[in-house]
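> My structure file run-v3.txt, compact mmCIF, C-alpha atoms, is below:
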# COMPACT_ATOMS: atom_id res chain seq x y z
CA MET A 3 -104.82 17.63 -10.63
CA GLY A 4 -101.16 18.08 -11.56
CA SER A 5 -100.07 18.22 -7.94
CA ALA A 6 -102.19 15.21 -7.04
CA GLY A 7 -100.78 13.26 -9.97
CA LEU A 8 -97.21 14.11 -9.09
CA ARG A 9 -97.80 13.14 -5.47
CA ALA A 10 -99.18 9.80 -6.64
CA LEU A 11 -96.07 9.15 -8.72
CA LEU A 12 -93.76 10.12 -5.85
CA ASP A 13 -95.65 7.81 -3.51
CA SER A 14 -95.04 4.87 -5.87
CA VAL A 15 -91.27 4.86 -6.26
CA ARG A 16 -88.47 2.38 -6.68
CA TYR A 17 -84.87 3.34 -5.87
CA GLU A 18 -82.18 1.78 -8.03
CA VAL A 19 -78.90 1.34 -6.15
CA LEU A 20 -75.50 -0.11 -6.94
CA PRO A 21 -74.08 -2.93 -4.77
CA ALA A 22 -71.18 -0.97 -3.27
CA LYS A 23 -69.75 -1.37 0.23
CA PRO A 24 -71.68 1.54 1.83
CA THR A 25 -74.98 0.88 0.06
CA GLU A 26 -76.58 -1.23 2.80
CA ASP A 27 -75.93 1.37 5.49
CA GLU A 28 -77.13 4.19 3.21
CA VAL A 29 -80.40 2.39 2.47
CA LEU A 30 -80.99 1.59 6.14
CA ALA A 31 -80.32 5.19 7.14
CA HIS A 32 -82.40 6.94 4.53
CA VAL A 33 -84.90 4.73 2.69
CA PRO A 34 -88.33 3.99 4.21
CA ARG A 35 -89.41 0.36 4.21
CA ASP A 36 -92.32 1.12 1.89
CA VAL A 37 -89.94 2.14 -0.91
CA VAL A 38 -88.91 -0.69 -3.22
CA VAL A 39 -85.14 -1.02 -3.68
CA THR A 40 -83.69 -2.43 -6.88
CA VAL A 41 -80.08 -3.62 -7.01
CA THR A 42 -78.07 -3.45 -10.22
CA ALA A 43 -75.58 -6.05 -11.45
CA SER A 44 -72.16 -5.54 -12.99
CA PRO A 45 -70.61 -7.35 -15.96
CA VAL A 46 -67.26 -6.83 -14.21
CA ARG A 47 -68.11 -8.17 -10.75
CA GLY A 48 -70.84 -10.62 -11.70
CA LEU A 49 -74.04 -11.47 -9.86
CA GLU A 50 -72.64 -12.25 -6.42
CA PRO A 51 -72.56 -8.68 -5.03
CA THR A 52 -76.13 -8.18 -6.25
CA LEU A 53 -77.42 -11.39 -4.70
CA ASP A 54 -75.56 -10.73 -1.45
CA LEU A 55 -76.92 -7.19 -1.02
CA THR A 56 -80.40 -8.33 -2.06
CA GLY A 57 -80.43 -10.96 0.67
CA ARG A 58 -79.21 -8.53 3.33
CA LEU A 59 -81.73 -5.82 2.46
CA ALA A 60 -84.55 -8.36 2.29
CA GLY A 61 -83.52 -9.48 5.76
CA HIS A 62 -84.00 -5.90 6.95
CA GLY A 63 -87.59 -5.93 5.73
CA TYR A 64 -87.22 -4.20 2.38
CA ARG A 65 -88.94 -5.33 -0.78
CA VAL A 66 -85.90 -5.84 -2.99
CA VAL A 67 -85.72 -6.36 -6.75
CA PRO A 68 -82.38 -7.76 -7.97
CA HIS A 69 -81.23 -7.25 -11.53
CA VAL A 70 -80.53 -10.65 -13.12
CA PRO A 71 -78.92 -9.86 -16.50
CA ALA A 72 -79.19 -12.73 -18.95
CA ARG A 73 -75.60 -12.36 -20.13
CA LEU A 74 -74.27 -12.93 -16.59
CA LEU A 75 -75.90 -16.37 -16.30
CA ARG A 76 -73.73 -19.33 -17.20
CA ASP A 77 -76.46 -21.84 -18.02
CA ASP A 78 -79.79 -23.28 -16.90
CA ALA A 79 -78.25 -24.74 -13.76
CA HIS A 80 -76.85 -21.34 -12.77
CA LEU A 81 -80.25 -19.74 -13.34
CA LYS A 82 -81.88 -22.36 -11.13
CA GLU A 83 -79.31 -21.69 -8.39
CA VAL A 84 -80.05 -17.96 -8.57
CA VAL A 85 -83.80 -18.59 -8.45
CA ASP A 86 -83.49 -20.87 -5.43
CA ARG A 87 -81.26 -18.41 -3.58
CA LEU A 88 -83.60 -15.48 -4.20
CA ARG A 89 -86.70 -17.43 -3.26
CA ALA A 90 -85.01 -18.53 -0.03
CA ALA A 91 -84.42 -14.84 0.74
CA GLY A 92 -88.10 -14.09 0.22
CA VAL A 93 -87.65 -12.27 -3.09
CA ASP A 94 -90.72 -12.35 -5.33
CA ASP A 95 -89.75 -9.73 -7.92
CA VAL A 96 -86.81 -9.72 -10.36
CA PHE A 97 -85.71 -7.46 -13.19
CA VAL A 98 -84.30 -9.30 -16.22
CA PRO A 99 -82.38 -7.17 -18.75
CA ALA A 100 -80.07 -8.57 -21.39
CA GLY A 101 -77.07 -6.98 -19.69
CA ASP A 102 -73.78 -5.67 -21.00
CA ALA A 103 -71.38 -8.60 -20.53
CA ASP A 104 -69.45 -9.07 -23.77
CA PRO A 105 -68.99 -11.88 -24.40
CA PRO A 106 -71.83 -13.43 -22.37
CA ALA A 107 -70.84 -15.56 -19.41
CA GLY A 108 -72.68 -18.52 -20.86
CA THR A 109 -75.55 -19.63 -23.06
CA TYR A 110 -77.90 -16.67 -22.70
CA ALA A 111 -77.32 -13.78 -25.09
CA GLY A 112 -80.59 -11.96 -24.38
CA ALA A 113 -83.39 -11.66 -21.86
CA LEU A 114 -86.14 -13.53 -23.70
CA PRO A 115 -84.63 -17.05 -23.32
CA VAL A 116 -84.22 -16.42 -19.58
CA LEU A 117 -87.81 -15.25 -19.31
CA ARG A 118 -89.02 -18.34 -21.14
CA ARG A 119 -86.98 -20.54 -18.85
CA LEU A 120 -88.47 -18.87 -15.78
CA THR A 121 -91.90 -19.64 -17.17
CA GLU A 122 -90.86 -23.27 -17.67
CA LEU A 123 -89.69 -23.32 -14.04
CA GLY A 124 -93.23 -22.55 -12.96
CA ARG A 125 -93.00 -18.75 -12.72
CA PRO A 126 -91.12 -18.69 -9.40
CA PHE A 127 -91.48 -14.90 -9.07
CA THR A 128 -94.77 -13.04 -8.79
CA ARG A 129 -93.37 -10.04 -10.65
CA VAL A 130 -90.83 -9.97 -13.49
CA GLY A 131 -89.61 -6.74 -15.06
CA VAL A 132 -88.11 -6.02 -18.48
CA THR A 133 -86.50 -2.95 -20.05
CA GLY A 134 -87.98 -0.23 -22.23
CA TYR A 135 -86.10 2.53 -24.08
CA PRO A 136 -87.84 5.91 -24.48
CA GLU A 137 -84.60 7.41 -25.80
CA SER A 138 -82.98 5.31 -28.50
CA HIS A 139 -80.71 2.50 -27.39
CA PRO A 140 -77.18 3.14 -28.66
CA LEU A 141 -76.98 -0.30 -30.29
CA ILE A 142 -80.57 -1.37 -31.02
CA HIS A 143 -83.13 0.18 -33.39
CA ASP A 144 -86.27 1.59 -31.74
CA ASP A 145 -88.59 -0.79 -33.63
CA VAL A 146 -86.59 -3.74 -32.33
CA THR A 147 -86.86 -2.59 -28.71
CA VAL A 148 -90.64 -2.20 -29.02
CA GLN A 149 -90.93 -5.62 -30.67
CA ALA A 150 -88.84 -7.09 -27.85
CA MET A 151 -91.33 -5.82 -25.27
CA TRP A 152 -94.13 -7.42 -27.28
CA ASP A 153 -92.24 -10.72 -27.43
CA LYS A 154 -91.67 -10.66 -23.65
CA ARG A 155 -95.21 -9.75 -22.63
CA GLU A 156 -96.26 -13.36 -21.88
CA HIS A 157 -93.38 -13.85 -19.46
CA ALA A 158 -93.08 -10.42 -17.80
CA THR A 159 -95.43 -8.39 -15.61
CA TYR A 160 -94.03 -4.86 -15.99
CA ILE A 161 -91.61 -2.61 -17.87
CA VAL A 162 -88.95 -0.30 -16.43
CA SER A 163 -88.13 2.52 -18.83
CA ASN A 164 -84.53 3.54 -19.10
CA LEU A 165 -83.36 7.09 -18.49
CA CYS A 166 -85.09 9.86 -20.38
CA PHE A 167 -84.55 13.61 -20.06
CA ASP A 168 -87.20 14.93 -22.43
CA PRO A 169 -90.85 14.80 -21.30
CA ARG A 170 -92.07 14.95 -24.90
CA VAL A 171 -89.97 11.95 -25.88
CA LEU A 172 -91.17 10.05 -22.82
CA VAL A 173 -94.85 10.70 -23.51
CA ARG A 174 -94.52 9.88 -27.23
CA TRP A 175 -92.84 6.59 -26.34
CA ILE A 176 -95.64 5.57 -23.99
CA VAL A 177 -98.24 6.43 -26.64
CA ARG A 178 -96.27 4.45 -29.19
CA ILE A 179 -95.92 1.26 -27.17
CA ARG A 180 -99.60 1.38 -26.21
CA SER A 181 -100.52 1.72 -29.89
CA ARG A 182 -98.45 -1.43 -30.51
CA ASP A 183 -100.55 -3.29 -27.89
CA VAL A 184 -97.75 -3.43 -25.34
CA SER A 185 -99.99 -3.24 -22.29
CA LEU A 186 -97.62 -4.08 -19.40
CA PRO A 187 -97.56 -1.38 -16.71
CA VAL A 188 -94.54 0.94 -16.87
CA HIS A 189 -92.31 2.19 -14.07
CA VAL A 190 -90.94 5.41 -15.54
CA GLY A 191 -87.16 5.66 -15.23
CA VAL A 192 -86.03 9.07 -13.95
CA ALA A 193 -82.63 10.23 -12.77
CA GLY A 194 -82.70 11.52 -9.22
CA PRO A 195 -81.26 14.90 -8.17
CA VAL A 196 -77.76 13.84 -9.18
CA GLN A 197 -74.73 15.98 -8.45
CA ARG A 198 -72.24 15.58 -11.27
CA ALA A 199 -69.12 15.60 -9.09
CA LYS A 200 -70.50 12.82 -6.88
CA LEU A 201 -71.65 10.87 -9.92
CA LEU A 202 -68.19 11.00 -11.47
CA ALA A 203 -66.54 10.05 -8.17
CA MET A 204 -68.89 7.12 -7.72
CA ALA A 205 -68.37 5.92 -11.28
CA THR A 206 -64.61 6.11 -10.92
CA ARG A 207 -64.55 4.37 -7.53
CA ILE A 208 -67.02 1.60 -8.30
CA GLY A 209 -66.70 1.30 -12.06
CA VAL A 210 -69.76 -0.94 -12.24
CA GLY A 211 -73.49 -0.84 -12.68
CA GLU A 212 -75.57 -0.88 -15.81
CA SER A 213 -76.83 2.62 -15.09
CA THR A 214 -73.31 4.03 -14.97
CA ARG A 215 -72.38 2.16 -18.14
CA PHE A 216 -75.47 3.50 -19.90
CA LEU A 217 -74.54 7.03 -18.88
CA ALA A 218 -71.01 6.47 -20.14
CA ARG A 219 -72.43 5.87 -23.62
CA HIS A 220 -74.15 9.25 -23.41
CA PRO A 221 -71.52 11.75 -22.26
CA SER A 222 -73.80 14.68 -23.08
CA TRP A 223 -76.00 13.56 -20.19
CA PHE A 224 -73.25 14.52 -17.75
CA LEU A 225 -73.56 18.06 -19.09
CA ARG A 226 -77.27 18.03 -18.29
CA PHE A 227 -76.43 17.29 -14.68
CA ALA A 228 -73.66 19.89 -14.56
CA THR A 229 -75.36 22.86 -16.24
CA PRO A 230 -77.14 25.19 -13.79
CA GLY A 231 -80.84 24.78 -14.43
CA GLY A 232 -80.10 22.02 -16.93
CA TYR A 233 -81.79 19.17 -15.10
CA SER A 234 -84.01 18.45 -12.17
CA PRO A 235 -86.42 15.53 -11.83
CA GLU A 236 -89.44 17.78 -11.31
CA ARG A 237 -88.71 19.73 -14.51
CA LEU A 238 -88.95 16.45 -16.38
CA LEU A 239 -92.04 15.20 -14.57
CA THR A 240 -94.18 18.33 -14.26
CA PRO A 241 -94.88 18.89 -17.99
CA ALA A 242 -95.65 15.19 -18.44
CA VAL A 243 -97.64 14.48 -15.29
CA ALA A 244 -101.10 14.64 -16.91
CA ASP A 245 -100.04 12.16 -19.59
CA LEU A 246 -98.20 9.90 -17.16
CA THR A 247 -101.17 9.68 -14.81
CA SER A 248 -103.73 9.10 -17.56
CA PRO A 249 -105.29 5.62 -17.19
CA ALA A 250 -104.38 4.89 -20.80
CA ALA A 251 -100.67 5.32 -20.02
CA LYS A 252 -100.71 2.52 -17.42
CA VAL A 253 -97.83 4.07 -15.47
CA ALA A 254 -97.32 2.21 -12.19
CA GLY A 255 -94.91 4.72 -10.64
CA LEU A 256 -91.38 6.06 -10.82
CA HIS A 257 -88.10 4.16 -11.00
CA LEU A 258 -85.51 6.58 -9.62
CA PHE A 259 -81.90 6.06 -10.67
CA THR A 260 -80.06 7.18 -7.53
CA PHE A 261 -76.50 6.49 -8.76
CA ASN A 262 -75.98 5.74 -5.05
CA GLN A 263 -76.85 9.29 -4.05
CA ILE A 264 -79.44 7.70 -1.83
CA ALA A 265 -79.76 10.28 0.93
CA GLU A 266 -80.01 13.12 -1.59
CA THR A 267 -82.70 11.29 -3.56
CA GLU A 268 -84.89 10.63 -0.53
CA ARG A 269 -84.45 14.19 0.76
CA TRP A 270 -85.53 15.54 -2.62
CA ARG A 271 -88.58 13.27 -2.72
CA ARG A 272 -89.68 14.15 0.80
CA ALA A 273 -89.19 17.87 0.24
CA LEU A 274 -91.19 17.81 -2.99
CA LEU A 275 -93.97 15.80 -1.34
CA ASP A 276 -94.07 18.35 1.48
CA ARG A 277 -94.32 21.23 -1.01
CA LEU A 278 -97.04 19.52 -2.97
CA GLY A 279 -98.94 18.76 0.23
CA ALA A 280 -98.75 22.40 1.23
Now, as a test, write the supplied structure out as structure tokens.

Amino acid sequence: MGSAGLRALLDSVRYEVLPAKPTEDEVLAHVPRDVVVTVTASPVRGLEPTLDLTGRLAGHGYRVVPHVPARLLRDDAHLKEVVDRLRAAGVDDVFVPAGDADPPAGTYAGALPVLRRLTELGRPFTRVGVTGYPESHPLIHDDVTVQAMWDKREHATYIVSNLCFDPRVLVRWIVRIRSRDVSLPVHVGVAGPVQRAKLLAMATRIGVGESTRFLARHPSWFLRFATPGGYSPERLLTPAVADLTSPAAKVAGLHLFTFNQIAETERWRRALLDRLGA
């Protein structure tokens, strides 16, 4: 049952990538078309690189989910422009976090007003994702993050959990949000098989991406990647697989943070699927 459950999770994955110059070629070379690709957005570079890469990948036949952080939107007119551009590219799924821009680019300080506005616009996207925090957010109390998911439930269709490295914490969080009647399906956020040297090089070169910024707030996480035996995705998933695949958990699949180590992430997934199949 554990192997079957893990295979099911690995078959339902999303790859989060950063909109860097080589990203398009890396995705085309290594990511199958049945894997959903999500594209982060940077408070430094704005939405344009995200929208541009989203359109190009969608044109190649991928199902692409752009991040549209509320704090990068100038106003209602800007939101409408983004919606129209994404719909024209065939995008039917967006992820709406609050974002890290400080100060905000315009009138939106958080995700909920953007979600409400999308509802007022007639729900232009079939799927809308929001953020969950199994490990405490550095700036927001846990009760507030759970309440925020409750407040967003009428406007969103799923949750993407942020990075977590402790299977016990992850399982407790899922139990907790379900006990609070947060019933949206969850895509469990998991770091891929990240090599620390490449992660640091990527962060230095690009300097953008909400995932990189979130890691920067948690320097101890770099040590998890660097320590021999300190981290691997399967060591996180294996102890939790029974809980994650329980119907009560309502886990829709995995959201793999690639940190643009795209080839390595797909090789790891394929190799683990092959081992589980054997």
> To one decimal place, how far is atom CA of Tyr135 of chain A from atom CA of Asn164 of chain A in Å?
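Pair atom CA of Tyr135 of chain A / atom CA of Asn164 of chain A returns 5.3 Å.
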> One decimal, Å: what's the distance from atom CA of Asp78 of chain A over to atom CA of Ala22 of chain A, could you say?
27.5 Å
> Report as a PyMOL selection string all protein, DNA and RNA residues lying within 8 Å of segment 65-75 of chain A, evaluated on only C-alpha atoms, omitting residues in the same chain fewer than 4 positions from it.
chain A and resi 35-43+45+48-49+52-53+56+59-60+80-81+93-113+116
> With C-alpha atoms kept, could you save the residues just selected as a PDB file, keeping the file's coordinate frame?

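Output below, filename out_29.pdb:
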ATOM      1  CA  ARG A  35     -89.410   0.360   4.210  1.00  0.00           C
ATOM      2  CA  ASP A  36     -92.320   1.120   1.890  1.00  0.00           C
ATOM      3  CA  VAL A  37     -89.940   2.140  -0.910  1.00  0.00           C
ATOM      4  CA  VAL A  38     -88.910  -0.690  -3.220  1.00  0.00           C
ATOM      5  CA  VAL A  39     -85.140  -1.020  -3.680  1.00  0.00           C
ATOM      6  CA  THR A  40     -83.690  -2.430  -6.880  1.00  0.00           C
ATOM      7  CA  VAL A  41     -80.080  -3.620  -7.010  1.00  0.00           C
ATOM      8  CA  THR A  42     -78.070  -3.450 -10.220  1.00  0.00           C
ATOM      9  CA  ALA A  43     -75.580  -6.050 -11.450  1.00  0.00           C
ATOM     10  CA  PRO A  45     -70.610  -7.350 -15.960  1.00  0.00           C
ATOM     11  CA  GLY A  48     -70.840 -10.620 -11.700  1.00  0.00           C
ATOM     12  CA  LEU A  49     -74.040 -11.470  -9.860  1.00  0.00           C
ATOM     13  CA  THR A  52     -76.130  -8.180  -6.250  1.00  0.00           C
ATOM     14  CA  LEU A  53     -77.420 -11.390  -4.700  1.00  0.00           C
ATOM     15  CA  THR A  56     -80.400  -8.330  -2.060  1.00  0.00           C
ATOM     16  CA  LEU A  59     -81.730  -5.820   2.460  1.00  0.00           C
ATOM     17  CA  ALA A  60     -84.550  -8.360   2.290  1.00  0.00           C
ATOM     18  CA  HIS A  80     -76.850 -21.340 -12.770  1.00  0.00           C
ATOM     19  CA  LEU A  81     -80.250 -19.740 -13.340  1.00  0.00           C
ATOM     20  CA  VAL A  93     -87.650 -12.270  -3.090  1.00  0.00           C
ATOM     21  CA  ASP A  94     -90.720 -12.350  -5.330  1.00  0.00           C
ATOM     22  CA  ASP A  95     -89.750  -9.730  -7.920  1.00  0.00           C
ATOM     23  CA  VAL A  96     -86.810  -9.720 -10.360  1.00  0.00           C
ATOM     24  CA  PHE A  97     -85.710  -7.460 -13.190  1.00  0.00           C
ATOM     25  CA  VAL A  98     -84.300  -9.300 -16.220  1.00  0.00           C
ATOM     26  CA  PRO A  99     -82.380  -7.170 -18.750  1.00  0.00           C
ATOM     27  CA  ALA A 100     -80.070  -8.570 -21.390  1.00  0.00           C
ATOM     28  CA  GLY A 101     -77.070  -6.980 -19.690  1.00  0.00           C
ATOM     29  CA  ASP A 102     -73.780  -5.670 -21.000  1.00  0.00           C
ATOM     30  CA  ALA A 103     -71.380  -8.600 -20.530  1.00  0.00           C
ATOM     31  CA  ASP A 104     -69.450  -9.070 -23.770  1.00  0.00           C
ATOM     32  CA  PRO A 105     -68.990 -11.880 -24.400  1.00  0.00           C
ATOM     33  CA  PRO A 106     -71.830 -13.430 -22.370  1.00  0.00           C
ATOM     34  CA  ALA A 107     -70.840 -15.560 -19.410  1.00  0.00           C
ATOM     35  CA  GLY A 108     -72.680 -18.520 -20.860  1.00  0.00           C
ATOM     36  CA  THR A 109     -75.550 -19.630 -23.060  1.00  0.00           C
ATOM     37  CA  TYR A 110     -77.900 -16.670 -22.700  1.00  0.00           C
ATOM     38  CA  ALA A 111     -77.320 -13.780 -25.090  1.00  0.00           C
ATOM     39  CA  GLY A 112     -80.590 -11.960 -24.380  1.00  0.00           C
ATOM     40  CA  ALA A 113     -83.390 -11.660 -21.860  1.00  0.00           C
ATOM     41  CA  VAL A 116     -84.220 -16.420 -19.580  1.00  0.00           C
TER      42      VAL A 116
END
> Quick check, in Å to one decimal: how far apart do atom CA of Val19 of chain A and atom CA of Ile264 of chain A lie?
7.7 Å
> Which one is closest to Cys166 of chain A: A:Glu28, A:Glu137, A:Glu266, A:Asp54? Count only C-alpha atoms.
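Selected residue with least distance to Cys166 of chain A: A:Glu137.
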> Taking 3 positions as the minimum chain separation for residues in the same chain, which residues sit within 12 Å of Val192 of chain A when counting only C-alpha atoms? Answer as a PyMOL selection string.
chain A and resi 11-12+15-18+136+162-169+172+189+195-196+213+233-239+255-261+267
> What does the file look like for those residues with C-alpha atoms, as a CSV table (one decimal), keeping the file's coordinate frame?

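What landed in again.csv:
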chain,number,residue,atom,x,y,z
A,11,LEU,CA,-96.1,9.2,-8.7
A,12,LEU,CA,-93.8,10.1,-5.8
A,15,VAL,CA,-91.3,4.9,-6.3
A,16,ARG,CA,-88.5,2.4,-6.7
A,17,TYR,CA,-84.9,3.3,-5.9
A,18,GLU,CA,-82.2,1.8,-8.0
A,136,PRO,CA,-87.8,5.9,-24.5
A,162,VAL,CA,-89.0,-0.3,-16.4
A,163,SER,CA,-88.1,2.5,-18.8
A,164,ASN,CA,-84.5,3.5,-19.1
A,165,LEU,CA,-83.4,7.1,-18.5
A,166,CYS,CA,-85.1,9.9,-20.4
A,167,PHE,CA,-84.6,13.6,-20.1
A,168,ASP,CA,-87.2,14.9,-22.4
A,169,PRO,CA,-90.8,14.8,-21.3
A,172,LEU,CA,-91.2,10.0,-22.8
A,189,HIS,CA,-92.3,2.2,-14.1
A,195,PRO,CA,-81.3,14.9,-8.2
A,196,VAL,CA,-77.8,13.8,-9.2
A,213,SER,CA,-76.8,2.6,-15.1
A,233,TYR,CA,-81.8,19.2,-15.1
A,234,SER,CA,-84.0,18.4,-12.2
A,235,PRO,CA,-86.4,15.5,-11.8
A,236,GLU,CA,-89.4,17.8,-11.3
A,237,ARG,CA,-88.7,19.7,-14.5
A,238,LEU,CA,-89.0,16.4,-16.4
A,239,LEU,CA,-92.0,15.2,-14.6
A,255,GLY,CA,-94.9,4.7,-10.6
A,256,LEU,CA,-91.4,6.1,-10.8
A,257,HIS,CA,-88.1,4.2,-11.0
A,258,LEU,CA,-85.5,6.6,-9.6
A,259,PHE,CA,-81.9,6.1,-10.7
A,260,THR,CA,-80.1,7.2,-7.5
A,261,PHE,CA,-76.5,6.5,-8.8
A,267,THR,CA,-82.7,11.3,-3.6
> Measuring atom to atom with all atoms listed in the file, identify which of A:Val132, A:Leu8, A:Leu55, A:Ile161 is nearest to Arg277 of chain A.
A:Leu8
